Protein chains: 2
Amino acid sequence: MRSEQFSKFCRSSFVVGLALAGVLGTAVHVMAQRLKDVQVPDTPLVLKAQGSFFIGGEKVEQTQGELGDLGPGGHITVNQMYVRYMVPQGGDANVPMVMVHGATLTGKSWETTPDGRMGWDEYFVRKGHPVYVPDQVGRGRSGFNQAVFNDVRRSSVPAANLPRWIRFSDEVVWPNFRFGAKPDAPFADSQFPLTAVDELSKQGVPDVSFGGVPNPNPTLKALSDLANQVNGAVLMGHSQSGAFPLAAALLNPAMAKGLVLVEPGGCPTNYTDEQINTLATLPILVVFGDHRDTPTGIGIRPSWQLSFEGCQALIDRLKKAGGQAQMLSPAEMSIRGNSHMIMQDKNNLQIADLILKWIDERVSKRTVAAK
Amino acid sequence: MRSEQFSKFCRSSFVVGLALAGVLGTAVHVMAQRLKDVQVPDTPLVLKAQGSFFIGGEKVEQTQGELGDLGPGGHITVNQMYVRYMVPQGGDANVPMVMVHGATLTGKSWETTPDGRMGWDEYFVRKGHPVYVPDQVGRGRSGFNQAVFNDVRRSSVPAANLPRWIRFSDEVVWPNFRFGAKPDAPFADSQFPLTAVDELSKQGVPDVSFGGVPNPNPTLKALSDLANQVNGAVLMGHSQSGAFPLAAALLNPAMAKGLVLVEPGGCPTNYTDEQINTLATLPILVVFGDHRDTPTGIGIRPSWQLSFEGCQALIDRLKKAGGQAQMLSPAEMSIRGNSHMIMQDKNNLQIADLILKWIDERVSKRTVAAK
């Protein structure tokens with residue numbers, strides 16, 4: 001299948017340069033997105049505050065070699081979580097949103113879309129919600145623990161000790177993110193802005209979370225701590241982090257005002273009855289796009305329909321325990337063609353409005369004023 | 001010296017936990033900065049636009065193994081540069097600022113300070129300038145090329161092929177960033193917010209730019225392209241990137257409206273007369289803090305005074321060619337105690353005002369309206 005995919009891929013106009021380059025490993029320059037492609041809103045954004053900070057982190061002592069041999073050994077911080085935030089003027093009574101990205105991605109997922117439209121980060125702010133966007137521990141501005149890589153370089157530990165770094169090829173993104181069944185063969189109703197698919201490719205970063213961050217993932221505790229620091233939040237995860245809000249909520253249910261699971265890779269099947277009873281007290285929304293039967297090309301998840309069905313089973317179990325969990329499947333509301341990157345789809349604000357409506361109906365206002 | 005440093009370091013109250021932990025590699029939780037420590041400005045921030053985008057990037061083809069074995073091989077983008085931006089309402093006539101971070105850091109350098117005060121990113125926006133903050137290629141949200149790490153893991157290339165990842169220990173940061181001659185021994189007049197030095201530690205990320213990004217560093221071309229896309233900019237670098245504005249300007253002098261070199265690791269000594277003549281047409285400001293004679297503890301740069309003197313020599317050469325380069329040394333204006341992280345110092349806005357004054361005097365307004 002791969003050679004067929006690549007053959008099709010090479011007929012795409014945007015990879016003519018790649019076909020000319022020919023050999024494995026040869027690099028050609030990607031056409032840069034021009035800043036002029038980024039749209040300017042009609043009205044200004046008025047912020048009470050914006051900035052960034054860190055949650056969590058541990059001090060570890062490392063040798064000069066583990067620190068890369070530029071200076072002497074000593075202590076560094078690892079496993080901290082970077083968070084960028086925007087607080088709208090006049091939005092103190094509205095529940096804050098925490099938006100966590102998926103595998104091989106960073107907080108960029110929620111910012112300006114690949115084709116230059118407003119991301120969910122700004123849109124939820126404009127709708128009155130403080131918004132907090134982390135980079136997962138191990139990625140982006142949160143960094144990772146580099147010691148083992150330098151240890152292997154100096155042959156003090158075997159290469160087999162290295163965790164792997166994951167990235168998805170542009171070719172596998174097409175079926176896996178459900179833009180089309182194959183590269184350059186979009187679904188007729190696809191909502192993803194496919195003229196800018198190369199800009200999505202630039203959002204990819206190496207992901208060491210499959211073996212290279214502690215277990216349990218420190219991001220879970222950091223999300224719970226973040227919700228606590230803002231006096232309660234709606235926790236929203238996506239894809240690999242889609243189920244993170246459930247785990248973070250179980251660490252401190254009182255501060256999880258609502259959980260939004262956007263296209264989760266899977267929903268846990270092994271919760272105890274006690275855990276289910278806790279989660280049943282929380283408003284939970286699971287969001288899935290269209291074309292879920294598409295074969296992904298990824299061995300560990302043959303189709304997203306399997307993830308959908310697993311989450312539906314969790315919803316059913318929560319409902320039986322008195323919970324108010326529900327599935328949001330726009331395709332069943334005649335909103336067709338949404339992809340795995342639903343927050344970047346052409347109708348991303350329409351989907352955001354559905355989530356905002358659910359928040360208005362199910363999630364309480366804040367009783368404790370934010371600072 | 002190192003054991004003496006560490007002995008002193010261990011007397012610091014904030015590392016009592018570390019001393020108790022005792023053994024190499026043992027991790028203890030760092031006291032988390034509370035979000036409540038982050039200050040809220042008195043007046044709202046009114047933005048015409050904010051968001052993020054990428055500059056540059058190349059497509060490369062990689063094998064399934066190089067991509068981490070989760071999906072099939074194919075193409076990915078590498079060497080792109082992530083840029084976050086804020087454009088103030090009514091700031092179209094003012095020259096945009098591009099702020100590039102130094103080694104082992106990310107764009108976070110310019111955001112909220114470790115002790116929760118306003119960063120230069122927001123301050124320059126509030127002073128009317130559009131501000132663009134990249135993550136250097138190879139770091140943060142710009143990602144890096146992971147192929148060689150996965151190749152070594154699978155033993156298809158030798159471990160010696162690995163580039164090293166750099167981080168600075170907290171102990172070496174004290175003399176190297178000139179907070180004090182030794183850990184926990186601050187200069188009496190230190191301007192760095194040392195109660196929050198652990199928050200600076202969290203800003204550290206592994207840095208692969210010493211061997212793990214292409215040469216020349218793609219960040220240089222990306223900075224030049226960014227300046228072009230915004231119709232001209234003041235390019236500001238710091239530390240490792242302190243001289244990047246010079247290199248970016250030589251790629252497209254017309255779009256470099258001004259160059260600000262903040263605590264550059266060094267200034268080039270090998271420019272041709274033609275290059276000097278080009279740079280002599282541009283407003284150039286070099287900024288250095290205090291206590292430059294402090295031994296750094298880093299072999300490649302025994303003191304920052306050497307960097308200062310090298311940059312003074314470049315300024316002299318530019319002046320002889322008719323240039324208007326100048327040194328800004330606040331210590332010689334009776335503003336004492338500024339550190340290497342001058343944009344985060346307690347008097348960071350005072351220093352920013354000196355740079356803004358220089359911009360007003362030396363850098364022209366924009367004649368081409370921004371979009």
# chains A, B, ... in the order shown; residues from 1 in each chain; ligands from 1
>>> closest_atom_pairs(of="chain A", to="chain B", cutoff="6 Å", atoms="only C-alpha atoms", output="tab-separated table")
residue	atom	partner	partner_atom	distance
A:Leu24	CA	B:Glu61	CA	5.5
A:Gly25	CA	B:Glu61	CA	5.1
A:Thr26	CA	B:Val60	CA	6.0
A:Ala27	CA	B:Val60	CA	4.8
A:Val28	CA	B:Glu58	CA	5.4
A:His29	CA	B:Glu58	CA	4.3
A:Val30	CA	B:Glu58	CA	5.0
A:Ala32	CA	B:Gly56	CA	5.2
A:Val40	CA	B:Ala49	CA	5.8
A:Pro44	CA	B:Lys48	CA	4.7
A:Leu45	CA	B:Leu47	CA	5.0
A:Val46	CA	B:Val46	CA	4.6
A:Leu47	CA	B:Leu45	CA	5.0
A:Lys48	CA	B:Pro44	CA	4.7
A:Ala49	CA	B:Val40	CA	5.8
A:Gly51	CA	B:Thr112	CA	5.3
A:Ser52	CA	B:Thr112	CA	5.7
A:Ile55	CA	B:Ala32	CA	5.9
A:Gly56	CA	B:Ala32	CA	5.2
A:Gly57	CA	B:Val30	CA	5.7
A:Glu58	CA	B:His29	CA	4.3
A:Lys59	CA	B:Ala27	CA	5.4
A:Val60	CA	B:Ala27	CA	4.7
A:Glu61	CA	B:Gly25	CA	5.0
A:Leu67	CA	B:Arg167	CA	5.1
A:Gly68	CA	B:Ile166	CA	4.5
A:Gly71	CA	B:Ile298	CA	5.1
A:Gly74	CA	B:Ser169	CA	4.9
A:His75	CA	B:Ser169	CA	5.1
A:Ile76	CA	B:Ser169	CA	5.3
A:Thr77	CA	B:Lys202	CA	5.6
A:Thr112	CA	B:Gly51	CA	5.3
A:Gly140	CA	B:Gly140	CA	4.0
A:Arg141	CA	B:Gly140	CA	4.5
A:Gly143	CA	B:Val205	CA	4.5
A:Asn150	CA	B:Arg164	CA	5.9
A:Arg153	CA	B:Ala159	CA	5.0
A:Ala159	CA	B:Arg153	CA	5.0
A:Ala160	CA	B:Arg153	CA	5.4
A:Leu162	CA	B:Arg153	CA	5.7
A:Arg164	CA	B:Gly68	CA	5.5
A:Trp165	CA	B:Gly68	CA	5.2
A:Ile166	CA	B:Gly68	CA	4.5
A:Arg167	CA	B:Leu67	CA	5.1
A:Ser169	CA	B:Gly74	CA	4.9
A:Asp170	CA	B:His75	CA	5.5
A:Ser201	CA	B:Thr77	CA	5.8
A:Lys202	CA	B:Thr77	CA	5.6
A:Val205	CA	B:Gly143	CA	4.6
A:Ile298	CA	B:Gly71	CA	5.0
>>> residues_around(residues="His238 (chain A)", least_positions_apart="2", cutoff="10 Å", atoms="only C-alpha atoms", output="mmCIF file with N, CA, C and O atoms, in the first residue's frame")
data_model
loop_
_atom_site.group_PDB
_atom_site.id
_atom_site.type_symbol
_atom_site.label_atom_id
_atom_site.label_comp_id
_atom_site.auth_asym_id
_atom_site.auth_seq_id
_atom_site.Cartn_x
_atom_site.Cartn_y
_atom_site.Cartn_z
ATOM 1 N N MET A 99 -6.459 23.572 27.001
ATOM 2 C CA MET A 99 -6.470 22.862 25.717
ATOM 3 C C MET A 99 -5.141 22.130 25.518
ATOM 4 O O MET A 99 -4.101 22.776 25.375
ATOM 5 N N VAL A 100 -5.196 20.808 25.493
ATOM 6 C CA VAL A 100 -3.981 19.996 25.394
ATOM 7 C C VAL A 100 -3.922 19.316 24.026
ATOM 8 O O VAL A 100 -4.905 18.728 23.577
ATOM 9 N N HIS A 101 -2.763 19.379 23.416
ATOM 10 C CA HIS A 101 -2.554 18.864 22.057
ATOM 11 C C HIS A 101 -2.297 17.357 22.034
ATOM 12 O O HIS A 101 -2.063 16.741 23.067
ATOM 13 N N GLY A 102 -2.243 16.809 20.833
ATOM 14 C CA GLY A 102 -2.046 15.374 20.633
ATOM 15 C C GLY A 102 -0.613 14.999 20.267
ATOM 16 O O GLY A 102 0.317 15.800 20.379
ATOM 17 N N ALA A 103 -0.445 13.740 19.821
ATOM 18 C CA ALA A 103 0.878 13.171 19.524
ATOM 19 C C ALA A 103 1.567 13.923 18.398
ATOM 20 O O ALA A 103 0.928 14.349 17.439
ATOM 21 N N SER A 109 -1.343 23.479 17.919
ATOM 22 C CA SER A 109 -2.578 22.887 17.375
ATOM 23 C C SER A 109 -3.785 23.802 17.513
ATOM 24 O O SER A 109 -4.671 23.808 16.673
ATOM 25 N N MET A 236 -9.682 20.089 28.117
ATOM 26 C CA MET A 236 -9.927 19.587 26.767
ATOM 27 C C MET A 236 -8.666 18.924 26.240
ATOM 28 O O MET A 236 -7.605 19.552 26.198
ATOM 29 N N GLN A 240 -3.974 11.769 21.172
ATOM 30 C CA GLN A 240 -3.189 11.068 22.193
ATOM 31 C C GLN A 240 -3.519 11.548 23.591
ATOM 32 O O GLN A 240 -3.484 10.780 24.552
ATOM 33 N N SER A 241 -3.826 12.841 23.738
ATOM 34 C CA SER A 241 -4.188 13.388 25.047
ATOM 35 C C SER A 241 -5.698 13.444 25.235
ATOM 36 O O SER A 241 -6.180 14.038 26.201
ATOM 37 N N GLY A 242 -6.443 12.827 24.325
ATOM 38 C CA GLY A 242 -7.898 12.938 24.363
ATOM 39 C C GLY A 242 -8.497 12.463 25.675
ATOM 40 O O GLY A 242 -9.490 13.012 26.161
ATOM 41 N N ALA A 243 -7.880 11.433 26.257
ATOM 42 C CA ALA A 243 -8.398 10.904 27.521
ATOM 43 C C ALA A 243 -7.680 11.494 28.732
ATOM 44 O O ALA A 243 -8.037 11.170 29.866
ATOM 45 N N PHE A 244 -6.694 12.362 28.517
ATOM 46 C CA PHE A 244 -5.987 12.973 29.651
ATOM 47 C C PHE A 244 -6.939 13.686 30.622
ATOM 48 O O PHE A 244 -6.725 13.637 31.841
ATOM 49 N N PRO A 245 -7.972 14.376 30.127
ATOM 50 C CA PRO A 245 -8.875 15.051 31.074
ATOM 51 C C PRO A 245 -9.499 14.094 32.086
ATOM 52 O O PRO A 245 -9.689 14.465 33.253
ATOM 53 N N VAL A 260 -13.706 17.722 28.014
ATOM 54 C CA VAL A 260 -14.009 17.625 26.579
ATOM 55 C C VAL A 260 -12.933 16.760 25.944
ATOM 56 O O VAL A 260 -11.753 17.130 25.930
ATOM 57 N N LEU A 261 -13.333 15.616 25.430
ATOM 58 C CA LEU A 261 -12.403 14.656 24.825
ATOM 59 C C LEU A 261 -12.566 14.758 23.317
ATOM 60 O O LEU A 261 -13.552 14.281 22.761
ATOM 61 N N VAL A 262 -11.621 15.422 22.651
ATOM 62 C CA VAL A 262 -11.711 15.647 21.214
ATOM 63 C C VAL A 262 -10.943 14.548 20.499
ATOM 64 O O VAL A 262 -9.720 14.452 20.623
ATOM 65 N N GLU A 263 -11.677 13.713 19.763
ATOM 66 C CA GLU A 263 -11.047 12.642 18.988
ATOM 67 C C GLU A 263 -10.004 11.879 19.805
ATOM 68 O O GLU A 263 -8.845 11.714 19.379
ATOM 69 N N PRO A 264 -10.375 11.378 20.982
ATOM 70 C CA PRO A 264 -9.396 10.636 21.785
ATOM 71 C C PRO A 264 -8.930 9.364 21.075
ATOM 72 O O PRO A 264 -9.720 8.683 20.421
ATOM 73 N N GLY A 265 -7.647 9.064 21.230
ATOM 74 C CA GLY A 265 -7.114 7.823 20.674
ATOM 75 C C GLY A 265 -7.829 6.619 21.252
ATOM 76 O O GLY A 265 -7.999 5.599 20.578
ATOM 77 N N VAL A 287 -16.026 14.261 21.446
ATOM 78 C CA VAL A 287 -16.267 14.823 20.116
ATOM 79 C C VAL A 287 -15.526 13.989 19.069
ATOM 80 O O VAL A 287 -14.309 13.776 19.195
ATOM 81 N N HIS A 340 -9.844 14.523 11.816
ATOM 82 C CA HIS A 340 -9.248 14.343 13.135
ATOM 83 C C HIS A 340 -8.758 15.682 13.703
ATOM 84 O O HIS A 340 -8.774 15.886 14.914
ATOM 85 N N MET A 341 -8.334 16.599 12.826
ATOM 86 C CA MET A 341 -7.856 17.924 13.267
ATOM 87 C C MET A 341 -9.033 18.891 13.246
ATOM 88 O O MET A 341 -8.984 19.969 12.637
ATOM 89 N N ILE A 342 -10.072 18.533 13.970
ATOM 90 C CA ILE A 342 -11.358 19.239 13.891
ATOM 91 C C ILE A 342 -11.223 20.696 14.346
ATOM 92 O O ILE A 342 -11.947 21.568 13.867
ATOM 93 N N MET A 343 -10.261 20.987 15.216
ATOM 94 C CA MET A 343 -10.077 22.377 15.684
ATOM 95 C C MET A 343 -9.445 23.257 14.619
ATOM 96 O O MET A 343 -9.361 24.485 14.801
#
>>> closest_residue(among="A:Ala233, A:Met255, A:Cys311, A:Val137", to="Val286 (chain A)", atoms="only C-alpha atoms")
A:Cys311
>>> residues_around(residues="Thr272 (chain B)", least_positions_apart="4", cutoff="12 Å", atoms="only C-alpha atoms", output="CSV table (one decimal) with N, CA and C atoms, in the first residue's frame")
chain,number,residue,atom,x,y,z
B,250,LEU,N,22.7,40.6,6.6
B,250,LEU,CA,23.5,40.5,5.4
B,250,LEU,C,22.8,39.7,4.3
B,268,PRO,N,31.3,38.7,15.2
B,268,PRO,CA,32.2,38.2,14.2
B,268,PRO,C,33.4,39.2,14.0
B,276,ILE,N,31.2,44.8,6.0
B,276,ILE,CA,31.2,46.0,6.9
B,276,ILE,C,30.5,47.2,6.3
B,277,ASN,N,30.8,47.4,5.1
B,277,ASN,CA,30.1,48.6,4.4
B,277,ASN,C,28.6,48.4,4.4
B,278,THR,N,28.2,47.2,4.2
B,278,THR,CA,26.7,46.9,4.2
B,278,THR,C,26.2,47.2,5.6
B,279,LEU,N,26.8,46.6,6.6
B,279,LEU,CA,26.3,46.7,8.0
B,279,LEU,C,26.4,48.2,8.5
B,314,LEU,N,34.1,45.4,16.9
B,314,LEU,CA,33.2,45.5,15.7
B,314,LEU,C,32.6,46.9,15.6
B,317,ARG,N,35.0,49.2,14.2
B,317,ARG,CA,35.3,49.0,12.8
B,317,ARG,C,34.1,49.6,11.9
B,318,LEU,N,32.9,49.4,12.4
B,318,LEU,CA,31.7,49.9,11.7
B,318,LEU,C,31.7,51.4,11.7
B,321,ALA,N,33.9,52.8,9.2
B,321,ALA,CA,33.3,52.7,7.8
B,321,ALA,C,32.1,53.7,7.7
>>> select_by_dssp(residues="region 18-263 of chain A", states="strand (DSSP E or B)", output="number ranges by chain")
A: 28-29, 45-62, 74-88, 97-99, 131-134, 166, 180-182, 185-186, 207, 233-238, 256-262
